[in-house]
Amino acid sequence: MPLANKPIIWTVAGSDSGAGAGIQADLHTFKALDCHGCSIISCITAQNSVGIAAYENVSPMLLIAQLNCLLEDMPPRVIKIGLVPDANLLHELVIWLKQHKLHYNFTVVADPVLSCSTGFSFTKQSLLSVWRYQLLPLVDVVTPNLPELALLSDLAQHNIEQQATQLLSFGAAAVIVSGGHGASNANVTDTLYTASHPAFAINNRRLNTPHTHGTGCVFSSSVAAALAQDYPLTDAIIIANACVQQALTQAY
């Protein structure tokens, strides 16, 4: 597709020096799905395929400068939010979204990166509080995995539907639960929950591979890219599911 016709999509996330997740995975995904990706970096990580050694946040001033600079001549159709590991930084992003979302009419897809597949945790109560009560009311689609769903909902002892309904009550318009962390060794189910429709689910045979780093990023970025291409949400889930299945099949 000619550049002039490509939908512009932003990712607000951390830089992964190993390029398996974060900003790098998002941009690869956007390109594969024929979108023009722009990046707003929230933090820089020193990581490889097996773990995070260190990370450092950008300043709130630099985060907002990136957002405002892009808005001047590359306004987004969709903004995808990934890792923002600091509550104050996330709060600044919330303020910016409140100022601009309605006027520019962009869709917000949020992936609550509270931990990573290599075991590193970013979970803090202050961060969870900003997610629940400030960010989710601005989110059109949130894409937690099962551990993230339990943390965000604060209903770890309840079932998945109750947890997803809690995120809807916090203000999210739609919740897509990715099921890769489920107990079944045979199948994986991704499920969409909204306030107005029955649940929509896709079930796949589990692919036994250790190379799962970045799958959450690819899934949410694929949803965002499909929405930027004007696919309905259910179709966007099907596309994202296929992208992750293909990525796992060819993982190295």
# chains A, B, ... in the order shown; residues from 1 in each chain; ligands from 1
>>> residues_around(residues="Leu127 of chain A", least_positions_apart="6", cutoff="9 Å", atoms="only C-alpha atoms", output="compact mmCIF listing (two decimals) with N, CA, C and O atoms, in the first residue's frame")
# COMPACT_ATOMS: atom_id res chain seq x y z
N VAL A 84 4.29 0.75 30.39
CA VAL A 84 4.59 2.04 31.01
C VAL A 84 4.79 1.71 32.48
O VAL A 84 3.82 1.62 33.24
N PRO A 85 6.03 1.51 32.94
CA PRO A 85 6.26 0.87 34.23
C PRO A 85 6.16 1.77 35.45
O PRO A 85 6.30 1.30 36.58
N ASP A 86 5.89 3.06 35.24
CA ASP A 86 5.87 4.01 36.35
C ASP A 86 4.49 4.66 36.45
O ASP A 86 3.94 5.12 35.44
N ALA A 87 3.93 4.70 37.65
CA ALA A 87 2.58 5.23 37.84
C ALA A 87 2.49 6.70 37.46
O ALA A 87 1.50 7.13 36.85
N ASN A 88 3.49 7.50 37.80
CA ASN A 88 3.45 8.93 37.47
C ASN A 88 3.52 9.14 35.96
O ASN A 88 2.84 10.00 35.41
N LEU A 90 2.48 6.97 33.69
CA LEU A 90 1.19 6.53 33.15
C LEU A 90 0.12 7.59 33.39
O LEU A 90 -0.75 7.83 32.54
N HIS A 91 0.18 8.24 34.54
CA HIS A 91 -0.77 9.31 34.85
C HIS A 91 -0.64 10.46 33.86
O HIS A 91 -1.65 11.03 33.41
N LEU A 114 2.25 -6.10 32.94
CA LEU A 114 2.57 -6.04 34.36
C LEU A 114 3.67 -7.02 34.73
O LEU A 114 4.23 -6.96 35.82
>>> closest_residue(among="A:Val141, A:Val177, A:Leu207, A:Val223", to="Asp26 of chain A", atoms="only C-alpha atoms")
A:Val223
>>> residues_around(residues="Ala54 of chain A", least_positions_apart="4", cutoff="8 Å", atoms="only C-alpha atoms", output="VMD selection string")
chain A and resid 45 to 47
>>> select_by_dssp(residues="segment 131-179 of chain A", states="helix (DSSP H, G or I)", output="JSON, numbers by chain")
{"A": [131, 132, 133, 134, 135, 136, 137, 138, 146, 147, 148, 149, 150, 151, 152, 153, 160, 161, 162, 163, 164, 165, 166, 167, 168, 169, 170]}
>>> write_last_selection(atoms="N, CA and C atoms", output="PDB file, in the first residue's frame")
ATOM      1  N   TRP A 131      -4.077   2.192  36.275  1.00  0.00           N
ATOM      2  CA  TRP A 131      -4.715   1.380  35.236  1.00  0.00           C
ATOM      3  C   TRP A 131      -6.218   1.271  35.474  1.00  0.00           C
ATOM      4  N   ARG A 132      -6.599   0.879  36.694  1.00  0.00           N
ATOM      5  CA  ARG A 132      -8.017   0.591  36.971  1.00  0.00           C
ATOM      6  C   ARG A 132      -8.897   1.827  36.873  1.00  0.00           C
ATOM      7  N   TYR A 133      -8.471   2.914  37.490  1.00  0.00           N
ATOM      8  CA  TYR A 133      -9.392   4.026  37.708  1.00  0.00           C
ATOM      9  C   TYR A 133      -9.134   5.234  36.812  1.00  0.00           C
ATOM     10  N   GLN A 134      -8.014   5.257  36.100  1.00  0.00           N
ATOM     11  CA  GLN A 134      -7.729   6.392  35.221  1.00  0.00           C
ATOM     12  C   GLN A 134      -7.616   5.985  33.747  1.00  0.00           C
ATOM     13  N   LEU A 135      -6.863   4.906  33.476  1.00  0.00           N
ATOM     14  CA  LEU A 135      -6.630   4.545  32.075  1.00  0.00           C
ATOM     15  C   LEU A 135      -7.784   3.749  31.466  1.00  0.00           C
ATOM     16  N   LEU A 136      -8.287   2.732  32.176  1.00  0.00           N
ATOM     17  CA  LEU A 136      -9.309   1.865  31.582  1.00  0.00           C
ATOM     18  C   LEU A 136     -10.546   2.627  31.097  1.00  0.00           C
ATOM     19  N   PRO A 137     -10.991   3.699  31.767  1.00  0.00           N
ATOM     20  CA  PRO A 137     -12.138   4.446  31.219  1.00  0.00           C
ATOM     21  C   PRO A 137     -11.868   5.083  29.857  1.00  0.00           C
ATOM     22  N   LEU A 138     -10.597   5.182  29.459  1.00  0.00           N
ATOM     23  CA  LEU A 138     -10.244   5.765  28.166  1.00  0.00           C
ATOM     24  C   LEU A 138      -9.925   4.708  27.114  1.00  0.00           C
ATOM     25  N   LEU A 146      -4.078 -14.111  31.355  1.00  0.00           N
ATOM     26  CA  LEU A 146      -4.803 -14.530  32.564  1.00  0.00           C
ATOM     27  C   LEU A 146      -4.197 -13.975  33.854  1.00  0.00           C
ATOM     28  N   PRO A 147      -2.874 -14.011  34.057  1.00  0.00           N
ATOM     29  CA  PRO A 147      -2.326 -13.394  35.275  1.00  0.00           C
ATOM     30  C   PRO A 147      -2.593 -11.890  35.352  1.00  0.00           C
ATOM     31  N   GLU A 148      -2.487 -11.194  34.219  1.00  0.00           N
ATOM     32  CA  GLU A 148      -2.744  -9.750  34.212  1.00  0.00           C
ATOM     33  C   GLU A 148      -4.211  -9.458  34.487  1.00  0.00           C
ATOM     34  N   LEU A 149      -5.096 -10.291  33.974  1.00  0.00           N
ATOM     35  CA  LEU A 149      -6.527 -10.132  34.233  1.00  0.00           C
ATOM     36  C   LEU A 149      -6.829 -10.240  35.719  1.00  0.00           C
ATOM     37  N   ALA A 150      -6.233 -11.232  36.381  1.00  0.00           N
ATOM     38  CA  ALA A 150      -6.456 -11.416  37.815  1.00  0.00           C
ATOM     39  C   ALA A 150      -5.928 -10.215  38.602  1.00  0.00           C
ATOM     40  N   LEU A 151      -4.756  -9.711  38.222  1.00  0.00           N
ATOM     41  CA  LEU A 151      -4.177  -8.561  38.925  1.00  0.00           C
ATOM     42  C   LEU A 151      -5.009  -7.305  38.725  1.00  0.00           C
ATOM     43  N   LEU A 152      -5.373  -7.007  37.477  1.00  0.00           N
ATOM     44  CA  LEU A 152      -6.118  -5.783  37.191  1.00  0.00           C
ATOM     45  C   LEU A 152      -7.497  -5.792  37.827  1.00  0.00           C
ATOM     46  N   SER A 153      -8.151  -6.945  37.787  1.00  0.00           N
ATOM     47  CA  SER A 153      -9.509  -7.027  38.329  1.00  0.00           C
ATOM     48  C   SER A 153      -9.520  -7.056  39.850  1.00  0.00           C
ATOM     49  N   ILE A 160     -12.929 -16.315  35.149  1.00  0.00           N
ATOM     50  CA  ILE A 160     -12.452 -15.388  34.118  1.00  0.00           C
ATOM     51  C   ILE A 160     -13.544 -14.401  33.707  1.00  0.00           C
ATOM     52  N   GLU A 161     -14.762 -14.879  33.543  1.00  0.00           N
ATOM     53  CA  GLU A 161     -15.849 -13.980  33.133  1.00  0.00           C
ATOM     54  C   GLU A 161     -16.086 -12.893  34.174  1.00  0.00           C
ATOM     55  N   GLN A 162     -16.052 -13.256  35.451  1.00  0.00           N
ATOM     56  CA  GLN A 162     -16.234 -12.260  36.503  1.00  0.00           C
ATOM     57  C   GLN A 162     -15.092 -11.245  36.510  1.00  0.00           C
ATOM     58  N   GLN A 163     -13.878 -11.720  36.283  1.00  0.00           N
ATOM     59  CA  GLN A 163     -12.729 -10.818  36.233  1.00  0.00           C
ATOM     60  C   GLN A 163     -12.844  -9.864  35.051  1.00  0.00           C
ATOM     61  N   ALA A 164     -13.216 -10.388  33.884  1.00  0.00           N
ATOM     62  CA  ALA A 164     -13.368  -9.540  32.699  1.00  0.00           C
ATOM     63  C   ALA A 164     -14.493  -8.523  32.898  1.00  0.00           C
ATOM     64  N   THR A 165     -15.579  -8.952  33.522  1.00  0.00           N
ATOM     65  CA  THR A 165     -16.699  -8.047  33.789  1.00  0.00           C
ATOM     66  C   THR A 165     -16.275  -6.913  34.715  1.00  0.00           C
ATOM     67  N   GLN A 166     -15.363  -7.216  35.625  1.00  0.00           N
ATOM     68  CA  GLN A 166     -14.848  -6.172  36.514  1.00  0.00           C
ATOM     69  C   GLN A 166     -14.088  -5.104  35.724  1.00  0.00           C
ATOM     70  N   LEU A 167     -13.300  -5.516  34.741  1.00  0.00           N
ATOM     71  CA  LEU A 167     -12.597  -4.526  33.917  1.00  0.00           C
ATOM     72  C   LEU A 167     -13.583  -3.679  33.110  1.00  0.00           C
ATOM     73  N   LEU A 168     -14.663  -4.302  32.653  1.00  0.00           N
ATOM     74  CA  LEU A 168     -15.707  -3.533  31.974  1.00  0.00           C
ATOM     75  C   LEU A 168     -16.335  -2.517  32.921  1.00  0.00           C
ATOM     76  N   SER A 169     -16.509  -2.912  34.168  1.00  0.00           N
ATOM     77  CA  SER A 169     -17.090  -1.997  35.153  1.00  0.00           C
ATOM     78  C   SER A 169     -16.145  -0.841  35.466  1.00  0.00           C
ATOM     79  N   PHE A 170     -14.844  -1.064  35.315  1.00  0.00           N
ATOM     80  CA  PHE A 170     -13.873   0.020  35.500  1.00  0.00           C
ATOM     81  C   PHE A 170     -13.918   1.011  34.345  1.00  0.00           C
TER      82      PHE A 170
END
>>> atom_distance(atom1="atom CA of Gly18 of chain A", atom2="atom CA of Thr212 of chain A")
13.5 Å
>>> residues_around(residues="Val142 of chain A", least_positions_apart="2", cutoff="7 Å", atoms="only C-alpha atoms", output="list in words")
Val109, Ala110, Asp111, Val139, Asp140, Pro144, Ala172, Ala174, Val175 and Ile176 of chain A
>>> select_by_dssp(residues="segment 34-197 of chain A", states="strand (DSSP E or B)", output="JSON, numbers by chain")
{"A": [36, 37, 38, 39, 40, 41, 42, 43, 44, 45, 46, 47, 52, 53, 54, 55, 56, 57, 78, 79, 80, 81, 107, 108, 109, 110, 115, 121, 141, 142, 145, 174, 175, 176, 177, 178, 187, 188, 189, 190, 191, 192, 193, 194]}
>>> residues_around(residues="Leu89 of chain A", least_positions_apart="6", cutoff="9 Å", atoms="only C-alpha atoms", output="mmCIF file with all heavy atoms, in the first residue's frame")
data_model
loop_
_atom_site.group_PDB
_atom_site.id
_atom_site.type_symbol
_atom_site.label_atom_id
_atom_site.label_comp_id
_atom_site.auth_asym_id
_atom_site.auth_seq_id
_atom_site.Cartn_x
_atom_site.Cartn_y
_atom_site.Cartn_z
ATOM 1 N N SER A 42 8.501 4.691 26.395
ATOM 2 C CA SER A 42 8.254 4.984 27.805
ATOM 3 C C SER A 42 9.449 4.638 28.684
ATOM 4 O O SER A 42 9.661 5.254 29.720
ATOM 5 C CB SER A 42 7.033 4.194 28.291
ATOM 6 O OG SER A 42 7.288 2.794 28.202
ATOM 7 N N ASN A 57 13.217 4.567 33.014
ATOM 8 C CA ASN A 57 12.098 5.306 32.442
ATOM 9 C C ASN A 57 12.570 6.584 31.765
ATOM 10 O O ASN A 57 13.562 7.197 32.174
ATOM 11 C CB ASN A 57 11.093 5.683 33.533
ATOM 12 C CG ASN A 57 10.491 4.483 34.219
ATOM 13 O OD1 ASN A 57 10.227 3.471 33.582
ATOM 14 N ND2 ASN A 57 10.268 4.582 35.520
ATOM 15 N N VAL A 58 11.841 7.008 30.730
ATOM 16 C CA VAL A 58 12.061 8.350 30.202
ATOM 17 C C VAL A 58 11.392 9.340 31.156
ATOM 18 O O VAL A 58 10.564 8.970 31.999
ATOM 19 C CB VAL A 58 11.485 8.503 28.777
ATOM 20 C CG1 VAL A 58 12.085 7.470 27.840
ATOM 21 C CG2 VAL A 58 9.965 8.425 28.773
ATOM 22 N N SER A 59 11.726 10.602 31.031
ATOM 23 C CA SER A 59 11.095 11.610 31.873
ATOM 24 C C SER A 59 9.682 11.896 31.379
ATOM 25 O O SER A 59 9.379 11.708 30.188
ATOM 26 C CB SER A 59 11.904 12.901 31.840
ATOM 27 O OG SER A 59 11.817 13.501 30.554
ATOM 28 N N PRO A 60 8.793 12.351 32.265
ATOM 29 C CA PRO A 60 7.455 12.745 31.802
ATOM 30 C C PRO A 60 7.508 13.798 30.700
ATOM 31 O O PRO A 60 6.721 13.757 29.751
ATOM 32 C CB PRO A 60 6.796 13.299 33.068
ATOM 33 C CG PRO A 60 7.486 12.576 34.192
ATOM 34 C CD PRO A 60 8.908 12.418 33.738
ATOM 35 N N LEU A 63 8.284 12.032 27.415
ATOM 36 C CA LEU A 63 7.140 11.254 26.956
ATOM 37 C C LEU A 63 6.128 12.157 26.261
ATOM 38 O O LEU A 63 5.674 11.863 25.145
ATOM 39 C CB LEU A 63 6.477 10.529 28.129
ATOM 40 C CG LEU A 63 5.265 9.681 27.748
ATOM 41 C CD1 LEU A 63 5.710 8.355 27.143
ATOM 42 C CD2 LEU A 63 4.346 9.443 28.942
#
